[in-house]
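Visitor: Structure in structure tokens, see below.
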2 protein chains.
Amino acid sequence: MMLCGVGLACGGCSRRSEEAKAEQPQAVAVQASAVSAPDDGQWLMASKDYANNRFSGLDQINAGNVRNLKLEWSFSTGVLRGHEGAPLVVGDTMYFVTPYPNILYALDLKNRGAKKWEYRPKPASASQGVACCDVVNRGAVYWEGKIIYNTLDAHMVAVDAANGKELWKTKLGDINQGETMTMAPIVVKGKVLAGNSGGEFGVRGWIAAVNAADGKLAWRAYNTGPDADVLIGPRFKPFYARDRGKDLGVSSWPADHWKIGGGSVWGWISYDPELNLIYHGTGNPGPWNADIRPGDNKWTAGVFARDPGNGEAIWAYQWSPHDLYDYDGINENVLLDLPINGKTRKVLVRPERNGYLYVLDRQTGEVLSADSYVHITTSIGFDLKNGLVLENKSKTPSLGKTMRDLCPSAPGGKDWNPSSWSPRTRLLYIPHNNLCMDMEGVEANYIAGTPYVGASVKMYPGPGGNRGEFSAWDPVRRQKVWSIKEKFPAWSGALATAGDVVFYGTMDRDFKAVDARSGELLWKFRTGSGIIGQPISFRGPDGKQYIAIADGVGGWAGAIVAGGLDPRDETAALGFVGAMKDLPAATNQGGAIYVFSLP
Amino acid sequence: MMLCGVGLACGGCSRRSEEAKAEQPQAVAVQASAVSAPDDGQWLMASKDYANNRFSGLDQINAGNVRNLKLEWSFSTGVLRGHEGAPLVVGDTMYFVTPYPNILYALDLKNRGAKKWEYRPKPASASQGVACCDVVNRGAVYWEGKIIYNTLDAHMVAVDAANGKELWKTKLGDINQGETMTMAPIVVKGKVLAGNSGGEFGVRGWIAAVNAADGKLAWRAYNTGPDADVLIGPRFKPFYARDRGKDLGVSSWPADHWKIGGGSVWGWISYDPELNLIYHGTGNPGPWNADIRPGDNKWTAGVFARDPGNGEAIWAYQWSPHDLYDYDGINENVLLDLPINGKTRKVLVRPERNGYLYVLDRQTGEVLSADSYVHITTSIGFDLKNGLVLENKSKTPSLGKTMRDLCPSAPGGKDWNPSSWSPRTRLLYIPHNNLCMDMEGVEANYIAGTPYVGASVKMYPGPGGNRGEFSAWDPVRRQKVWSIKEKFPAWSGALATAGDVVFYGTMDRDFKAVDARSGELLWKFRTGSGIIGQPISFRGPDGKQYIAIADGVGGWAGAIVAGGLDPRDETAALGFVGAMKDLPAATNQGGAIYVFSLP
């Protein structure tokens, strides 16, 4: 653990320490997030709330007693691939969606996790072949008696939460075109929102809204192509001039390339009910080899604010225009109301793959700050005036040339694994990576339903040798407050609680509880397999607070174990195998839910 | 729970209550077992000791504090089929062999089960196709720096316990002939003893001794065929006249049928160092359809006492001559010194598949008592004078005729899952079944390496509807003392400890601790998957007592889950599916080791 901001020399804590010092937190009373609902002890969507805070208001388990935490029961899912999912808790029932074959389990919280029922959607087995990075699923959403989620073969299903009966099933994508679905949907005003995966297969990215009532498609917005498809109309007001103009989703690409250009939506969606805006990221442009696609490649590697009613784009911003490094833009958008320069601003906080922690005005898309939270070589700083990363021109990869020491590597400073915000400590808890890579552009030819990457990549640990880190970030002071080094990438989600305890899991089988204020390790538990899931907290039928997490190593980072890959092929799993050769020595595959409470 | 022998009307507790009442325990001081070693806190063979007592002398965890038992860590094996194995503990290391592909893990007890190394023997994948009842493995043995075990493809391997390097690997059987190996070997005087599985594939059963030092075959004894092959010579002195004569292993079969007659050795081997005798059961004759094989089918469904030095048979006894019901004779032989009729006798106690609890003089093979411990319809009593079960002639199955209400069913009153003896309570703790079946003989033609069964079977619960039971049996009083009904067959092993706690697991995910004297449930823990493994206890590097068990439902009883079988085919898994249609609702597949201790 590394404590920052208390007079210690603390490399990498903030690239903008001078600015940060000038920026003192304001003594104004603001809600952590105006869009957080009061805590009812349930967990109805993967991110807990629309604001993606992942904060549990329960406080029975606290920094003083968490060392007594005890496993109450576990539940084997019977599936061994990477378990990235969040359990849901609705009333007395826990729900969990497994990786492919995407079984939905309903577990009885009144009877130590006894199986109430299971639902098997039987996704097409061929979908496994077009999943870039393990066959994961990140969770379901509860809405008015239904459990709704996506299947790997790009269908959305709704199941009766009471009995597991299928209510509707809607095909949203085509695995023959490389489209899969892995993300956890959310429901806004009766519409289920979700997008496609497949940025490494030349898909065209989209987000769709499906009527929760009957499974009918309400609208679909593409993230590349003509404005009509992107649902860009008269209400579209991007903050930066470069994002204004007609059909930029066509003109920022070589001819027709937008049709296979990526920009998928496989991460997180936030919603601000007051502004009535949803926020979703867009994935990397394809192929990775950027020589093949000159231009800004709009609207990939960015973020959209849209009207959930009809999908209309309100603003957009690209984190990484003409992305060079697979800096996928799908991470969580944490909605907070923060004092910025003496004024409470409605912001969107985003620990981004390119290594910068962004604070955006979520009404306009203006970048208020962007600070490095990891070691970065691919850029030399941030131009706040233009809202642009300053690229390191000496690190631009090109065809047939191996570019070395690219940091962060393709999975970025942080990948999909979501951070958590505590309104009590006013810190964002970020599980992230410390990885660099060598990258060589290679030829890529598009054939529908096959990999379309055009890059040979090899990853390795960044400075210090630790491949992961778990950091607490103060978005007002714009600095890291403390940080814990992890041997492997911190690939699980985070959970902050009102007991001032923060939970996360490691790929080498530790489920950890740390002090929310100091980062001190308070408790750890050795699980059966490595952890890449999302911890949650809930109030059980007995009134006690519980903590739950799934183990089951895998995902992109754990593909060497989940896919049984040969460690000698360092470029396998899009270059991740080279950095994870010792993971099989640390953990096997697994797949179980663990539920803890105090004795 | 049902308390017996205390004046309650108690069906099935003892069929011979009059005899039992006449038989009072003697007030003579005897060792529970002269062949139990003093407890060093390790667990070096699956059965703990040569006497197959499975008793841990550790007593930190006792009936008063076991309710505080807490999971310290778990370990996912990454394998999902049935986990019937016992972990070993040698010094600071735990070893565990998975089901096929039979990975051997070494786990660091000083570091909460971190993987030290793994060894993968890569058994032929075709071996899975000739495993009758899931691809289980029941454990390894430690001997002078080596971990030695059998692989599903009928090899025996020795691995350096320090580093996982393969020291030798010996082919003992041929999967093309239907031979597999699933049992846990033992080592006696430097020879590793183990036998083959395959009684449903027309194998010829044998037990082999392999030099632990170099993996060379020392001797092999067949259980059918000429005396020369069975290693019957001048020292062979069976107790009963019917077992005396030349080449009975040939003449008790139709011509040449002994070559495909079964009698495999896939259960447990005991050893009495004083008498220098090993004891091993022999499996069912093949095929199940007994019309095809008139005669006593020697030496199937029986037990041999042999000299471990050269394999010479000393005596033999058949539990079920001309077995009609797949009453495999491979269960554990628990070696005890007990007061019988006022005299201390060296006995072998055997809860047998045919439903009788036998006490044999282990020097001579004489049956001293045989009492029913489950509901029986296939026999009407026991002829102690001749040492023979009295068959129920009205229940003899035959070709093309369905015989109903056969109890116990094919897996018997108890299958392989081993019982445990406490020298403190002087009770034998037996996990067992309460199942009946309908059986129809059908034609069977022998083709090497294919199923050779000749019976259509459907199982269902016995009287009372519970399919399993966990009973405490007093072998001197010859009666059941208490009994716990279980929904599913009690398919795990048992463990008794000096803390007067008895542990076992259930197929519906409960690991239970009960009071050794009363059977009162003291503690239970909900595991991820159902339990069919063998609990053990050991002293950790920190001096604390630990309890360990693997979950991972499967085996013959759990084949519906382990093999994903269709519940509509009730005769699948040799008739077990019909009795287990609700198992998938209770548990998924799994595969993890759980290690518990007091806080």
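Naming scheme: A, B, ... for chains in displayed order of the structure tokens; residues 1 onward per chain; ligands 1 onward as shown.
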List the spatial neighbours of Gly533 (chain A) as a PyMOL selection string - criterion: any atom at most 9 Å away, only C-alpha atoms, same-chain residues fewer than 3 positions off excluded.
Guide: chain A and resi 82-86+138+417+491-493+504-505+549-553
Visitor: Give me, as CSV, the closest atom pair and its distance (Å, one decimal) for every residue of chain A within a cut-off of 9 Å of chain B, counting only C-alpha atoms, rows sorted by chain and rising number.
Guide:
residue,atom,partner,partner_atom,distance
A:Asn68,CA,B:Pro599,CA,8.9
A:Lys70,CA,B:Lys70,CA,6.8
A:Leu71,CA,B:Leu71,CA,6.4
A:Glu72,CA,B:Arg526,CA,7.4
A:Trp73,CA,B:Arg526,CA,4.9
A:Ser74,CA,B:Gly528,CA,4.6
A:Phe75,CA,B:Gly528,CA,3.6
A:Ser76,CA,B:Gly528,CA,4.1
A:Thr77,CA,B:Asn588,CA,6.1
A:Gly78,CA,B:Gln589,CA,4.4
A:Val79,CA,B:Gln589,CA,7.8
A:Leu80,CA,B:Gly78,CA,6.9
A:Arg112,CA,B:Arg526,CA,6.7
A:Gly113,CA,B:Arg526,CA,7.9
A:Ala114,CA,B:Ala586,CA,6.8
A:Lys115,CA,B:Ala586,CA,6.0
A:Lys116,CA,B:Ala585,CA,7.6
A:Trp117,CA,B:Ala585,CA,6.8
A:Glu118,CA,B:Ala585,CA,8.0
A:Asp508,CA,B:Ala114,CA,8.6
A:Arg509,CA,B:Phe75,CA,8.6
A:Phe525,CA,B:Trp73,CA,6.6
A:Arg526,CA,B:Trp73,CA,4.8
A:Thr527,CA,B:Ser74,CA,5.3
A:Gly528,CA,B:Phe75,CA,3.6
A:Ser529,CA,B:Ser76,CA,5.2
A:Gly530,CA,B:Ser76,CA,9.0
A:Gly552,CA,B:Ser76,CA,8.6
A:Ala585,CA,B:Lys115,CA,6.3
A:Ala586,CA,B:Lys115,CA,6.0
A:Thr587,CA,B:Lys115,CA,7.2
A:Asn588,CA,B:Gly78,CA,5.0
A:Gln589,CA,B:Gly78,CA,4.4
A:Gly590,CA,B:Gly78,CA,5.3
A:Gly591,CA,B:Gly590,CA,7.8
A:Ala592,CA,B:Gly528,CA,6.4
A:Ile593,CA,B:Gly528,CA,7.6
A:Tyr594,CA,B:Gly528,CA,8.4
A:Pro599,CA,B:Asn68,CA,8.9
Visitor: Just the residues within 8 Å of region 303-309 of chain A, please, counting only C-alpha atoms, with nothing from its chain fewer than 2 positions along; format it as a ChimeraX atom specification.
Guide: /A:188-189,191,209,276-282,301,311-319,329-330,362
Visitor: Would you pick out the contacts of region 383-393 of chain B at 7 Å or less, using only C-alpha atoms, so that residues sharing its chain but fewer than 4 positions from it are not included, and give the list as a VMD selection string?
Guide: chain B and resid 367 369 378 to 379
Visitor: Please determine, counting only C-alpha atoms, which residue among A:Glu179, A:Asp40, A:Glu570, A:Asp153 has the shortest atom-to-atom distance to Gly449 (chain A).
Guide: A:Glu179
Visitor: Which residue gives the smallest distance to Gly199 (chain A) among A:Asn211, A:Thr450, A:Asn52, A:Thr93, with only C-alpha atoms counted?
Guide: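 Residue with the minimum atom-to-atom distance to Gly199 (chain A): A:Thr450.
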Visitor: DSSP says strand (DSSP E or B) for which residues of region 202-420 of chain A? Put them as a PyMOL selection string?
Guide: chain A and resi 204+206-211+217-222+262+269-272+277-282+285+302-306+313-318+329+334-340+343-351+356-361+367-372+379-383+388-391+398-399+401-406+420
Visitor: Quick one: pull the distance between CA of Ser372 (chain A) and CA of Gly267 (chain A), Å, one decimal.
Guide: 21.1 Å
Visitor: Show which residues sit within 8 Å of Asn284 (chain A), as a ChimeraX atom specification. Count only C-alpha atoms, and ignore same-chain residues fewer than 6 positions away.
Guide: /A:199,262-264,300-301,323,326-329
Visitor: Could you dump the residues just selected with N, CA, C and O atoms as an mmCIF file, in the first residue's frame?
Guide:
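Heads up, here's the output in result_6.cif:
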data_model
loop_
_atom_site.group_PDB
_atom_site.id
_atom_site.type_symbol
_atom_site.label_atom_id
_atom_site.label_comp_id
_atom_site.auth_asym_id
_atom_site.auth_seq_id
_atom_site.Cartn_x
_atom_site.Cartn_y
_atom_site.Cartn_z
ATOM 1 N N GLY A 199 -15.732 -5.592 -30.987
ATOM 2 C CA GLY A 199 -14.799 -4.622 -31.550
ATOM 3 C C GLY A 199 -13.582 -5.247 -32.211
ATOM 4 O O GLY A 199 -12.885 -4.583 -32.977
ATOM 5 N N GLY A 262 -16.297 -0.799 -35.514
ATOM 6 C CA GLY A 262 -16.319 -0.964 -34.055
ATOM 7 C C GLY A 262 -17.168 0.086 -33.370
ATOM 8 O O GLY A 262 -18.237 0.451 -33.842
ATOM 9 N N GLY A 263 -16.663 0.606 -32.251
ATOM 10 C CA GLY A 263 -17.460 1.529 -31.451
ATOM 11 C C GLY A 263 -18.618 0.813 -30.773
ATOM 12 O O GLY A 263 -19.719 1.352 -30.642
ATOM 13 N N SER A 264 -18.348 -0.402 -30.309
ATOM 14 C CA SER A 264 -19.401 -1.204 -29.677
ATOM 15 C C SER A 264 -19.704 -0.688 -28.271
ATOM 16 O O SER A 264 -19.009 0.180 -27.746
ATOM 17 N N THR A 300 -16.122 6.399 -32.113
ATOM 18 C CA THR A 300 -15.521 5.327 -31.309
ATOM 19 C C THR A 300 -14.706 5.900 -30.155
ATOM 20 O O THR A 300 -14.342 7.082 -30.153
ATOM 21 N N ALA A 301 -14.395 5.031 -29.189
ATOM 22 C CA ALA A 301 -13.560 5.390 -28.041
ATOM 23 C C ALA A 301 -14.009 6.711 -27.423
ATOM 24 O O ALA A 301 -13.200 7.583 -27.128
ATOM 25 N N ASP A 323 -8.061 6.269 -32.171
ATOM 26 C CA ASP A 323 -7.370 5.450 -31.160
ATOM 27 C C ASP A 323 -6.278 4.584 -31.784
ATOM 28 O O ASP A 323 -6.494 3.889 -32.778
ATOM 29 N N ASP A 326 -6.060 0.420 -28.920
ATOM 30 C CA ASP A 326 -7.218 -0.294 -28.355
ATOM 31 C C ASP A 326 -7.663 0.354 -27.052
ATOM 32 O O ASP A 326 -8.004 -0.326 -26.098
ATOM 33 N N TYR A 327 -7.648 1.663 -26.987
ATOM 34 C CA TYR A 327 -8.152 2.343 -25.807
ATOM 35 C C TYR A 327 -9.674 2.480 -25.900
ATOM 36 O O TYR A 327 -10.229 3.587 -26.003
ATOM 37 N N ASP A 328 -10.267 1.326 -25.870
ATOM 38 C CA ASP A 328 -11.712 1.154 -25.752
ATOM 39 C C ASP A 328 -12.311 2.177 -24.775
ATOM 40 O O ASP A 328 -11.755 2.380 -23.706
ATOM 41 N N GLY A 329 -13.430 2.743 -25.126
ATOM 42 C CA GLY A 329 -13.973 3.791 -24.247
ATOM 43 C C GLY A 329 -15.214 3.393 -23.465
ATOM 44 O O GLY A 329 -16.096 4.221 -23.282
#
